[in-house]
Protein chains: 4
Amino acid sequence: MMNKSKLRVGVLGATGMVGQNYLQLLEHHPWFQVSYLAASPQSAGKKYGEAVAGRWLMEGEISERVANLTVNSIHEIEAVAEACDFVFSAFNLEKEEVKKLEAQYADYLPVISNNSAHRLTEDVPLVIPEVNPHHLEIIPVQQRNRGWNKGFIIVKPNCSVQSFLPPVSALITAGYPVQSLIVTTLQAISGAGYPGPAALDMIDNVIPFIQGEEEKSEREPLKILGSIQDDKFVDIDTLILSVHCNRVPVSHGHMATVSLKFKDKKPTLAEIQNIWQSFEGVPQVLNLPSAPLPLIVVRDEKDRPQPAKDRDAGNGMAISVGRLRECPLLDIRFVALSHNTIRGAAGGAILSAELLKAKGYL
Amino acid sequence: MMNKSKLRVGVLGATGMVGQNYLQLLEHHPWFQVSYLAASPQSAGKKYGEAVAGRWLMEGEISERVANLTVNSIHEIEAVAEACDFVFSAFNLEKEEVKKLEAQYADYLPVISNNSAHRLTEDVPLVIPEVNPHHLEIIPVQQRNRGWNKGFIIVKPNCSVQSFLPPVSALITAGYPVQSLIVTTLQAISGAGYPGPAALDMIDNVIPFIQGEEEKSEREPLKILGSIQDDKFVDIDTLILSVHCNRVPVSHGHMATVSLKFKDKKPTLAEIQNIWQSFEGVPQVLNLPSAPLPLIVVRDEKDRPQPAKDRDAGNGMAISVGRLRECPLLDIRFVALSHNTIRGAAGGAILSAELLKAKGYL
Amino acid sequence: MMNKSKLRVGVLGATGMVGQNYLQLLEHHPWFQVSYLAASPQSAGKKYGEAVAGRWLMEGEISERVANLTVNSIHEIEAVAEACDFVFSAFNLEKEEVKKLEAQYADYLPVISNNSAHRLTEDVPLVIPEVNPHHLEIIPVQQRNRGWNKGFIIVKPNCSVQSFLPPVSALITAGYPVQSLIVTTLQAISGAGYPGPAALDMIDNVIPFIQGEEEKSEREPLKILGSIQDDKFVDIDTLILSVHCNRVPVSHGHMATVSLKFKDKKPTLAEIQNIWQSFEGVPQVLNLPSAPLPLIVVRDEKDRPQPAKDRDAGNGMAISVGRLRECPLLDIRFVALSHNTIRGAAGGAILSAELLKAKGYL
Amino acid sequence: MMNKSKLRVGVLGATGMVGQNYLQLLEHHPWFQVSYLAASPQSAGKKYGEAVAGRWLMEGEISERVANLTVNSIHEIEAVAEACDFVFSAFNLEKEEVKKLEAQYADYLPVISNNSAHRLTEDVPLVIPEVNPHHLEIIPVQQRNRGWNKGFIIVKPNCSVQSFLPPVSALITAGYPVQSLIVTTLQAISGAGYPGPAALDMIDNVIPFIQGEEEKSEREPLKILGSIQDDKFVDIDTLILSVHCNRVPVSHGHMATVSLKFKDKKPTLAEIQNIWQSFEGVPQVLNLPSAPLPLIVVRDEKDRPQPAKDRDAGNGMAISVGRLRECPLLDIRFVALSHNTIRGAAGGAILSAELLKAKGYL
């Protein structure tokens, strides 16, 4: 049964791996309840349980209630407006098609997207709730630009970015602008969706390449750390990133080694550690349901963070950092890690939805 | 039966993993034949086959001839002088003890070492045969300093260094001095010896730390690229390295992502590719038995080199590089890979022995 | 702070992997609270947090309260009597030493053991709470035999046994005696404790041997399914088992393929499925805190159970079975799976303790 | 350049993983030389090197000569007759289509197939060269039945069968008929072709199911061990097999645990070991180029054979067995292992071709 005090949520692309993640994470959500599922026309008309039979990838079971929801076609958009208050978009389609579909849905209601289609659109916020919550302020502009009343689009960044950007952003916020970053990622296979890489390619192996990942990882942070000028987003222009992306045989958890150079003044290692440990973003201050506390978990052990041991910190929503030390070339270096399918995908988008609700946009 | 036309070789620390590697790689060597094995006193007096029963780690079998050699104690040094012409040191002991033992052996005959003990000793060459073969010229000085007649010590560098240094060195040799390197390694578990990391720690995991590895990886290249001045080695003083070391669940093959800044002039990517492909070191010119041709294998595929596919290039002695591209922060970036237990350990030392022989030191 | 309404529990061998598992599983236990920790003399006197620094293997953190408990030496036994009501024994020592130590502790208070030392002792119950809860009835005999007042010893079986025995036992209980079993296990690496197998041995490999495991797996079920006669345990004499044990590169979760022959009458597959689904043991009937409901999770998918997807069923306490079908040679065959470090180790022993308390033995 | 003294070979389905395996194994074959490649119409007309660009899966490189061969469409059959003397079929298509295509090719020339399509056809030999070489005698009957002159079809069995059947067959040949077998396989992921299982499904996991594998593993041995009666194959009728098939995270090498019951008399364990060690099949007697000597490698270590250490025995053509011991239920039990993509696929078929040539069928 639907709980009337909760906002009704639709999940677009509900049968894919990210869609399934949403359903699992929303299972006991205090504010939101899934009321609508959309997938490709082949799944339309089926009960969700049938639609994903044999391809449910989550560890637990599908809830009875969700398994009995009827799947709608993603192309029949009108129904969504009555059925829910906002949607999560987890489309697994061509970029141009997603761009169009998301705009069509936004004509009716707010769309919170995992897809890369609108990440660089100039009036669409690309949000990590703890890093750039103020970017939501562009929403009225976006609605005016597009002629949308209730609807709008916000997007979450690429999963690779979540592990290293929050600790960097915390330093900037604390008054230490950053000039350059050299990052090497060791990314989990679930980041590629399902089925993703073949077992034959990942056993006893690592792959030093992920299609499009380095471009996104170098470009998206510039917008996230940028500002709104003249009703559009303008990149931060004082930061340069070089990101090497690798796929490693780990199920979940993106790790990154980071070398960082400050722009002018330079905090001590002790100050950095203190900045991270005491950092509170807007989600922490507002005590949002999915906000981890602390956001940044600083590990003291010499060999942490590690994906197997640290990906679930803060229910998969925290960022773990460790091995903070001087860099012989830039200023400092460290290791950062986040859960790519929770913080880096569905969980991050749910936290954005919570922020939207707290700020009155939902 | 011993082949009289071959040099007789001893392996010190013969029962350990590196020792076993030597025995396997020397099995059909055209110039060298194993005639002497030494291990800890517990193994002394046993046939080698018994001494390693249940802990032979190589893929093939032990040769009949070697299995029947009697193991000597590493502390009974005199016997070695009659039994062989030179020794490979694969001790797995405390650094100070190795330092002393290797010097004791060098009193009798040449010692080619895998151990880190003498890597920074000021009159001991730290050699990658294709990078700094001229460093062998210090040998007479070393002998004079220590009062050794026939014996001397040379050392091979840490395995992490082999994957990224030869391609960097080839650029320097071609006239493009290098100013800085930021490297992240993804190192195989066999680099830790046996038993090395626990399976429980490496399954579905990576570990962003290897004891002492970053220090060695940042320090040893300075000596290797340095020069002999006043009868001792002096570090190159114009290069800075920052190396992040990680352990990944790969059996063999150390990979490295590299960002590089040139000192002054800067070759094009096409020039670099050409420099690598046409590089020939002294071992290639001399056509030494273990010298790979080419030394540097340039991969064109967008996702190579990979440990599982490229570690055996050149029988495990070549360095594979790929993904050469501009670096947004430094000048260029690329991925490099070498086989850590062949090129990075026993194979590299055997090539050094071949070079010593070709140059008349053995 | 200690909660006075809870029984006070000691953990012997608290710093090892099984000991750590106990501490984690007991963290929020409604009936029991850890009040006493014992480990080897080297750890004695330290705070638990210090004693396991750098070797805490569980995914979550140690609780503040437990980290501050002082570790006692396992050889100073008298203290235990005042400090707790019963102990879990997770010794990692030689069998004979454990045998003696456990008897010394039992002189003071009840000992619930994970160790194999007393598994075949003729008056010591070897208990799977859902299979042979009535075996606890020998406790007064045991106390009388040994002259113990309050103390006694009970033991949990080898972890390999838990996955396949409960479903077999459920069939026997339902009136279908079993004559023979051919089992092949695919066992997780955590079953070997820490550090356990080397990563180099488990990457891209399986090992068809586990020391002592086949003997235990074939022998212990005979006692568990046996009866008490003349104040001692007598094996079931109508069952033969053949168990092939293998180690596979899986972190947690022992799987078994089972072929089974009934003694006389033979249920249909539908009946078997029904017997399993409706099975309730004493722990389920008594609604013990750690009792999973259902005990036996029957999977319908053609490719389940799988360790990664099913080990956590019932919080790691359920047994998952699937692929029930006719056997061309014996009568039926199926696949069974349980979590080796929860149901198969600490969790199973905690459930036994709950049963003891419910039955008035604690 | 073609070597005129060698038989000219075509590979059908040349771009797939098994096709690539053929090309690699035939690279330096003393009797055969690849002269013809066929693949799907999309690849037709391309140079082979282009056709597999980005999907060459073998460890070494494609030979220059083969990379320059032009790929033909599998549907243009006439060309094959002039271009080669016989073909290997490695089609990766629907069974019925393969059945038809192979018959069409056999109208022109001999077809040696890896595909399951004709495995149970009553006049098509299903051959393991060391087990049932006499089954080739049906070829003239098959040619007469189909009206083929030069052509015919022979097939190799499913890869799972190769590991356990040769040692069983050796016992039968030595005079010890076998009555029943209970087998559990632990099969490598390359057995599923490429891409095969997703990395996400195989990391930290095993899967107790392979589509169609148990049926093939239980049925094919009956034909292989059967006889020719009235011009067709008749199954052995005194043997029952029960095979449980599992997929494990191993790249190459199918392992099997086997329990075996003899029909009447029963050799001692020492006799069995002797039978295995001294076994020579027709390929060994004829000294065929790919015949391993010995066929059956008996391992003495308590924990062997293992895929990582033993799959390459006899260049991947030998069968390794170990852990021979009494079975509490049947008579004996043991572990067997073979390389699934060499002995179990292309290598096994090449050995069959060598046998055909030696026997005058090619």
# chains A, B, ... in the order shown; residues from 1 in each chain; ligands from 1
>>> residues_around(residues="Leu37 (chain C)", least_positions_apart="4", cutoff="9 Å", atoms="only C-alpha atoms", output="list of chain:residue names")
C:Val9, C:Gly10, C:Val11, C:Leu12, C:Gly13, C:Ala14, C:Thr15, C:Tyr48, C:Val66, C:Leu69, C:Thr70, C:Val71, C:Asn72, C:Ser73, C:Ile74
>>> residues_around(residues="region 189-192 of chain A", least_positions_apart="2", cutoff="12 Å", atoms="only C-alpha atoms", output="number ranges by chain")
A: 16-18, 21, 57-58, 92, 158-161, 186-187, 194-199, 201-203, 206-207, 209-213, 245-255, 307, 338-346; B: 204-205; D: 198-203
>>> residues_around(residues="Val127 (chain B)", least_positions_apart="3", cutoff="7 Å", atoms="only C-alpha atoms", output="PyMOL selection string")
chain B and resi 132-133+155-157+224
>>> closest_residue(among="B:Pro305, B:Pro166, B:Pro208, B:Gly19", to="chain D", atoms="only C-alpha atoms")
B:Pro305
>>> select_by_dssp(residues="region 31-222 of chain B", states="alpha helix (DSSP H)", output="number ranges by chain")
B: 48-51, 64-67, 78-83, 95-106, 139-146, 159-173, 199-202, 213-222
>>> closest_atom_pairs(of="chain D", to="chain B", cutoff="9 Å", atoms="only C-alpha atoms", output="CSV")
residue,atom,partner,partner_atom,distance
D:Ala53,CA,B:Glu301,CA,8.9
D:Gly54,CA,B:Glu301,CA,7.2
D:Leu57,CA,B:Lys309,CA,8.5
D:Met58,CA,B:Lys309,CA,7.9
D:Glu59,CA,B:Lys309,CA,5.3
D:Gly60,CA,B:Lys309,CA,7.8
D:Ile203,CA,B:Asp204,CA,6.7
D:Asp204,CA,B:Asp204,CA,6.5
D:Glu301,CA,B:Gly54,CA,7.2
D:Lys302,CA,B:Gly54,CA,8.9
D:Ala308,CA,B:Glu59,CA,7.8
D:Lys309,CA,B:Glu59,CA,5.3
D:Asp310,CA,B:Glu59,CA,7.5
D:Asp312,CA,B:Glu59,CA,8.3
D:Ala313,CA,B:Gly60,CA,8.1
>>> residues_around(residues="region 106-122 of chain D", least_positions_apart="4", cutoff="6 Å", atoms="only C-alpha atoms", output="ChimeraX atom specification")
/D:81,86-90,95,99,126,148,150-156,232-233
>>> write_last_selection(atoms="C-alpha atoms", output="PDB file, in the first residue's frame")
ATOM      1  CA  ALA D  81      37.043 -27.325 -51.954  1.00  0.00           C
ATOM      2  CA  PHE D  86      39.896 -30.375 -44.763  1.00  0.00           C
ATOM      3  CA  VAL D  87      38.278 -27.951 -42.346  1.00  0.00           C
ATOM      4  CA  PHE D  88      37.883 -27.403 -38.629  1.00  0.00           C
ATOM      5  CA  SER D  89      34.389 -26.245 -37.743  1.00  0.00           C
ATOM      6  CA  ALA D  90      34.218 -23.780 -34.884  1.00  0.00           C
ATOM      7  CA  LYS D  95      22.523 -25.987 -33.570  1.00  0.00           C
ATOM      8  CA  LYS D  99      24.025 -29.227 -38.553  1.00  0.00           C
ATOM      9  CA  LEU D 126      32.419 -38.566 -31.309  1.00  0.00           C
ATOM     10  CA  TRP D 148      29.786 -38.165 -49.852  1.00  0.00           C
ATOM     11  CA  LYS D 150      35.860 -37.374 -49.951  1.00  0.00           C
ATOM     12  CA  GLY D 151      34.049 -35.594 -47.154  1.00  0.00           C
ATOM     13  CA  PHE D 152      32.795 -36.764 -43.773  1.00  0.00           C
ATOM     14  CA  ILE D 153      32.130 -35.354 -40.303  1.00  0.00           C
ATOM     15  CA  ILE D 154      33.747 -36.214 -37.032  1.00  0.00           C
ATOM     16  CA  VAL D 155      33.104 -34.387 -33.755  1.00  0.00           C
ATOM     17  CA  LYS D 156      34.941 -33.833 -30.496  1.00  0.00           C
ATOM     18  CA  LYS D 232      25.698 -47.196 -36.200  1.00  0.00           C
ATOM     19  CA  PHE D 233      26.830 -46.234 -32.743  1.00  0.00           C
TER      20      PHE D 233
END
>>> select_by_dssp(residues="region 279-353 of chain C", states="strand (DSSP E)", output="ChimeraX atom specification")
/C:296-298,319-326,332-338
>>> residues_around(residues="Asp235 (chain C)", least_positions_apart="4", cutoff="6 Å", atoms="only C-alpha atoms", output="count of residues only")
3
>>> closest_residue(among="A:Leu165, A:Leu293, A:Leu181, A:Ala318", to="Thr238 (chain A)", atoms="only C-alpha atoms")
A:Leu181
>>> atom_distance(atom1="CA of Val297 (chain A)", atom2="CA of Ser180 (chain A)")
23.0 Å
>>> closest_residue(among="C:Ile62, C:Ala336, C:Ile350, C:Val168", to="Thr184 (chain C)", atoms="only C-alpha atoms")
C:Ala336
>>> closest_residue(among="B:Gln273, B:Asn68, B:Ser259, B:Ser290", to="Val178 (chain B)", atoms="only C-alpha atoms")
B:Ser259
>>> atom_distance(atom1="CA of Phe262 (chain B)", atom2="CA of Gly322 (chain B)")
18.5 Å
>>> decode(residues="region 38-73 of chain A", atoms="N, CA, C and O atoms", output="PDB file, in the first residue's frame")
ATOM      1  N   ALA A  38       9.118   2.686 -15.100  1.00  0.00           N
ATOM      2  CA  ALA A  38       9.090   2.694 -16.562  1.00  0.00           C
ATOM      3  C   ALA A  38      10.330   2.004 -17.088  1.00  0.00           C
ATOM      4  O   ALA A  38      11.419   2.131 -16.519  1.00  0.00           O
ATOM      5  N   ALA A  39      10.129   1.266 -18.174  1.00  0.00           N
ATOM      6  CA  ALA A  39      11.261   0.574 -18.806  1.00  0.00           C
ATOM      7  C   ALA A  39      10.981   0.499 -20.302  1.00  0.00           C
ATOM      8  O   ALA A  39      10.040   1.136 -20.808  1.00  0.00           O
ATOM      9  N   SER A  40      11.781  -0.258 -21.009  1.00  0.00           N
ATOM     10  CA  SER A  40      11.610  -0.344 -22.466  1.00  0.00           C
ATOM     11  C   SER A  40      10.270  -0.984 -22.793  1.00  0.00           C
ATOM     12  O   SER A  40       9.680  -1.686 -21.971  1.00  0.00           O
ATOM     13  N   PRO A  41       9.765  -0.723 -24.000  1.00  0.00           N
ATOM     14  CA  PRO A  41       8.449  -1.245 -24.385  1.00  0.00           C
ATOM     15  C   PRO A  41       8.325  -2.758 -24.191  1.00  0.00           C
ATOM     16  O   PRO A  41       7.234  -3.246 -23.866  1.00  0.00           O
ATOM     17  N   GLN A  42       9.419  -3.504 -24.343  1.00  0.00           N
ATOM     18  CA  GLN A  42       9.286  -4.958 -24.148  1.00  0.00           C
ATOM     19  C   GLN A  42       8.826  -5.313 -22.739  1.00  0.00           C
ATOM     20  O   GLN A  42       8.187  -6.334 -22.519  1.00  0.00           O
ATOM     21  N   SER A  43       9.224  -4.537 -21.764  1.00  0.00           N
ATOM     22  CA  SER A  43       8.845  -4.841 -20.376  1.00  0.00           C
ATOM     23  C   SER A  43       7.475  -4.263 -20.025  1.00  0.00           C
ATOM     24  O   SER A  43       6.866  -4.666 -19.032  1.00  0.00           O
ATOM     25  N   ALA A  44       7.000  -3.314 -20.825  1.00  0.00           N
ATOM     26  CA  ALA A  44       5.755  -2.608 -20.486  1.00  0.00           C
ATOM     27  C   ALA A  44       4.587  -3.578 -20.360  1.00  0.00           C
ATOM     28  O   ALA A  44       4.435  -4.509 -21.141  1.00  0.00           O
ATOM     29  N   GLY A  45       3.790  -3.339 -19.335  1.00  0.00           N
ATOM     30  CA  GLY A  45       2.623  -4.170 -19.119  1.00  0.00           C
ATOM     31  C   GLY A  45       2.867  -5.337 -18.183  1.00  0.00           C
ATOM     32  O   GLY A  45       1.936  -5.902 -17.615  1.00  0.00           O
ATOM     33  N   LYS A  46       4.113  -5.693 -17.985  1.00  0.00           N
ATOM     34  CA  LYS A  46       4.439  -6.792 -17.069  1.00  0.00           C
ATOM     35  C   LYS A  46       4.495  -6.286 -15.630  1.00  0.00           C
ATOM     36  O   LYS A  46       4.733  -5.115 -15.372  1.00  0.00           O
ATOM     37  N   LYS A  47       4.298  -7.220 -14.710  1.00  0.00           N
ATOM     38  CA  LYS A  47       4.627  -6.925 -13.318  1.00  0.00           C
ATOM     39  C   LYS A  47       6.145  -6.769 -13.245  1.00  0.00           C
ATOM     40  O   LYS A  47       6.885  -7.469 -13.950  1.00  0.00           O
ATOM     41  N   TYR A  48       6.606  -5.897 -12.357  1.00  0.00           N
ATOM     42  CA  TYR A  48       8.044  -5.683 -12.281  1.00  0.00           C
ATOM     43  C   TYR A  48       8.775  -6.991 -11.964  1.00  0.00           C
ATOM     44  O   TYR A  48       9.836  -7.276 -12.532  1.00  0.00           O
ATOM     45  N   GLY A  49       8.208  -7.797 -11.080  1.00  0.00           N
ATOM     46  CA  GLY A  49       8.828  -9.076 -10.710  1.00  0.00           C
ATOM     47  C   GLY A  49       9.088  -9.948 -11.924  1.00  0.00           C
ATOM     48  O   GLY A  49      10.151 -10.576 -12.044  1.00  0.00           O
ATOM     49  N   GLU A  50       8.113  -9.991 -12.838  1.00  0.00           N
ATOM     50  CA  GLU A  50       8.311 -10.777 -14.065  1.00  0.00           C
ATOM     51  C   GLU A  50       9.349 -10.111 -14.954  1.00  0.00           C
ATOM     52  O   GLU A  50      10.173 -10.766 -15.594  1.00  0.00           O
ATOM     53  N   ALA A  51       9.257  -8.799 -15.034  1.00  0.00           N
ATOM     54  CA  ALA A  51      10.117  -8.080 -15.974  1.00  0.00           C
ATOM     55  C   ALA A  51      11.605  -8.287 -15.669  1.00  0.00           C
ATOM     56  O   ALA A  51      12.436  -8.299 -16.569  1.00  0.00           O
ATOM     57  N   VAL A  52      11.939  -8.468 -14.390  1.00  0.00           N
ATOM     58  CA  VAL A  52      13.361  -8.645 -14.038  1.00  0.00           C
ATOM     59  C   VAL A  52      13.698 -10.086 -13.636  1.00  0.00           C
ATOM     60  O   VAL A  52      14.798 -10.345 -13.136  1.00  0.00           O
ATOM     61  N   ALA A  53      12.753 -11.000 -13.874  1.00  0.00           N
ATOM     62  CA  ALA A  53      13.015 -12.393 -13.499  1.00  0.00           C
ATOM     63  C   ALA A  53      14.312 -12.864 -14.167  1.00  0.00           C
ATOM     64  O   ALA A  53      14.485 -12.730 -15.374  1.00  0.00           O
ATOM     65  N   GLY A  54      15.199 -13.418 -13.383  1.00  0.00           N
ATOM     66  CA  GLY A  54      16.469 -13.896 -13.926  1.00  0.00           C
ATOM     67  C   GLY A  54      17.504 -12.802 -14.122  1.00  0.00           C
ATOM     68  O   GLY A  54      18.630 -13.073 -14.517  1.00  0.00           O
ATOM     69  N   ARG A  55      17.143 -11.545 -13.885  1.00  0.00           N
ATOM     70  CA  ARG A  55      18.174 -10.500 -14.011  1.00  0.00           C
ATOM     71  C   ARG A  55      18.087  -9.466 -12.885  1.00  0.00           C
ATOM     72  O   ARG A  55      18.461  -8.315 -13.065  1.00  0.00           O
ATOM     73  N   TRP A  56      17.582  -9.907 -11.743  1.00  0.00           N
ATOM     74  CA  TRP A  56      17.629  -9.087 -10.531  1.00  0.00           C
ATOM     75  C   TRP A  56      19.021  -9.238  -9.955  1.00  0.00           C
ATOM     76  O   TRP A  56      19.459 -10.333  -9.642  1.00  0.00           O
ATOM     77  N   LEU A  57      19.748  -8.139  -9.858  1.00  0.00           N
ATOM     78  CA  LEU A  57      21.172  -8.217  -9.545  1.00  0.00           C
ATOM     79  C   LEU A  57      21.511  -7.824  -8.110  1.00  0.00           C
ATOM     80  O   LEU A  57      22.654  -7.939  -7.689  1.00  0.00           O
ATOM     81  N   MET A  58      20.544  -7.338  -7.370  1.00  0.00           N
ATOM     82  CA  MET A  58      20.840  -6.860  -6.024  1.00  0.00           C
ATOM     83  C   MET A  58      20.979  -8.038  -5.072  1.00  0.00           C
ATOM     84  O   MET A  58      20.502  -9.130  -5.352  1.00  0.00           O
ATOM     85  N   GLU A  59      21.611  -7.807  -3.919  1.00  0.00           N
ATOM     86  CA  GLU A  59      21.825  -8.908  -2.993  1.00  0.00           C
ATOM     87  C   GLU A  59      20.548  -9.371  -2.301  1.00  0.00           C
ATOM     88  O   GLU A  59      20.320 -10.552  -2.150  1.00  0.00           O
ATOM     89  N   GLY A  60      19.708  -8.432  -1.886  1.00  0.00           N
ATOM     90  CA  GLY A  60      18.463  -8.835  -1.239  1.00  0.00           C
ATOM     91  C   GLY A  60      17.392  -9.160  -2.287  1.00  0.00           C
ATOM     92  O   GLY A  60      17.656  -9.213  -3.480  1.00  0.00           O
ATOM     93  N   GLU A  61      16.190  -9.390  -1.823  1.00  0.00           N
ATOM     94  CA  GLU A  61      15.080  -9.712  -2.720  1.00  0.00           C
ATOM     95  C   GLU A  61      14.345  -8.422  -3.087  1.00  0.00           C
ATOM     96  O   GLU A  61      14.467  -7.405  -2.419  1.00  0.00           O
ATOM     97  N   ILE A  62      13.565  -8.467  -4.152  1.00  0.00           N
ATOM     98  CA  ILE A  62      12.671  -7.358  -4.492  1.00  0.00           C
ATOM     99  C   ILE A  62      11.533  -7.345  -3.488  1.00  0.00           C
ATOM    100  O   ILE A  62      11.020  -8.401  -3.129  1.00  0.00           O
ATOM    101  N   SER A  63      11.112  -6.175  -3.054  1.00  0.00           N
ATOM    102  CA  SER A  63       9.993  -6.164  -2.118  1.00  0.00           C
ATOM    103  C   SER A  63       8.733  -6.601  -2.854  1.00  0.00           C
ATOM    104  O   SER A  63       8.569  -6.376  -4.044  1.00  0.00           O
ATOM    105  N   GLU A  64       7.880  -7.246  -2.124  1.00  0.00           N
ATOM    106  CA  GLU A  64       6.568  -7.702  -2.618  1.00  0.00           C
ATOM    107  C   GLU A  64       5.834  -6.573  -3.337  1.00  0.00           C
ATOM    108  O   GLU A  64       5.346  -6.727  -4.444  1.00  0.00           O
ATOM    109  N   ARG A  65       5.764  -5.411  -2.677  1.00  0.00           N
ATOM    110  CA  ARG A  65       5.008  -4.301  -3.214  1.00  0.00           C
ATOM    111  C   ARG A  65       5.550  -3.862  -4.571  1.00  0.00           C
ATOM    112  O   ARG A  65       4.793  -3.704  -5.535  1.00  0.00           O
ATOM    113  N   VAL A  66       6.859  -3.724  -4.669  1.00  0.00           N
ATOM    114  CA  VAL A  66       7.449  -3.277  -5.927  1.00  0.00           C
ATOM    115  C   VAL A  66       7.340  -4.360  -7.000  1.00  0.00           C
ATOM    116  O   VAL A  66       7.073  -4.073  -8.168  1.00  0.00           O
ATOM    117  N   ALA A  67       7.520  -5.604  -6.606  1.00  0.00           N
ATOM    118  CA  ALA A  67       7.434  -6.699  -7.577  1.00  0.00           C
ATOM    119  C   ALA A  67       6.072  -6.722  -8.255  1.00  0.00           C
ATOM    120  O   ALA A  67       5.930  -7.181  -9.391  1.00  0.00           O
ATOM    121  N   ASN A  68       5.075  -6.214  -7.573  1.00  0.00           N
ATOM    122  CA  ASN A  68       3.713  -6.221  -8.127  1.00  0.00           C
ATOM    123  C   ASN A  68       3.333  -4.953  -8.879  1.00  0.00           C
ATOM    124  O   ASN A  68       2.234  -4.862  -9.420  1.00  0.00           O
ATOM    125  N   LEU A  69       4.214  -3.969  -8.898  1.00  0.00           N
ATOM    126  CA  LEU A  69       3.917  -2.768  -9.685  1.00  0.00           C
ATOM    127  C   LEU A  69       3.983  -3.118 -11.172  1.00  0.00           C
ATOM    128  O   LEU A  69       4.825  -3.906 -11.599  1.00  0.00           O
ATOM    129  N   THR A  70       3.108  -2.526 -11.955  1.00  0.00           N
ATOM    130  CA  THR A  70       3.122  -2.766 -13.394  1.00  0.00           C
ATOM    131  C   THR A  70       4.125  -1.816 -14.042  1.00  0.00           C
ATOM    132  O   THR A  70       4.165  -0.629 -13.722  1.00  0.00           O
ATOM    133  N   VAL A  71       4.923  -2.350 -14.956  1.00  0.00           N
ATOM    134  CA  VAL A  71       5.928  -1.537 -15.629  1.00  0.00           C
ATOM    135  C   VAL A  71       5.280  -0.781 -16.798  1.00  0.00           C
ATOM    136  O   VAL A  71       4.519  -1.336 -17.571  1.00  0.00           O
ATOM    137  N   ASN A  72       5.588   0.496 -16.890  1.00  0.00           N
ATOM    138  CA  ASN A  72       5.107   1.323 -17.996  1.00  0.00           C
ATOM    139  C   ASN A  72       6.190   1.468 -19.049  1.00  0.00           C
ATOM    140  O   ASN A  72       7.383   1.303 -18.758  1.00  0.00           O
ATOM    141  N   SER A  73       5.778   1.799 -20.255  1.00  0.00           N
ATOM    142  CA  SER A  73       6.766   2.087 -21.285  1.00  0.00           C
ATOM    143  C   SER A  73       7.348   3.472 -21.028  1.00  0.00           C
ATOM    144  O   SER A  73       6.627   4.410 -20.684  1.00  0.00           O
TER     145      SER A  73
END
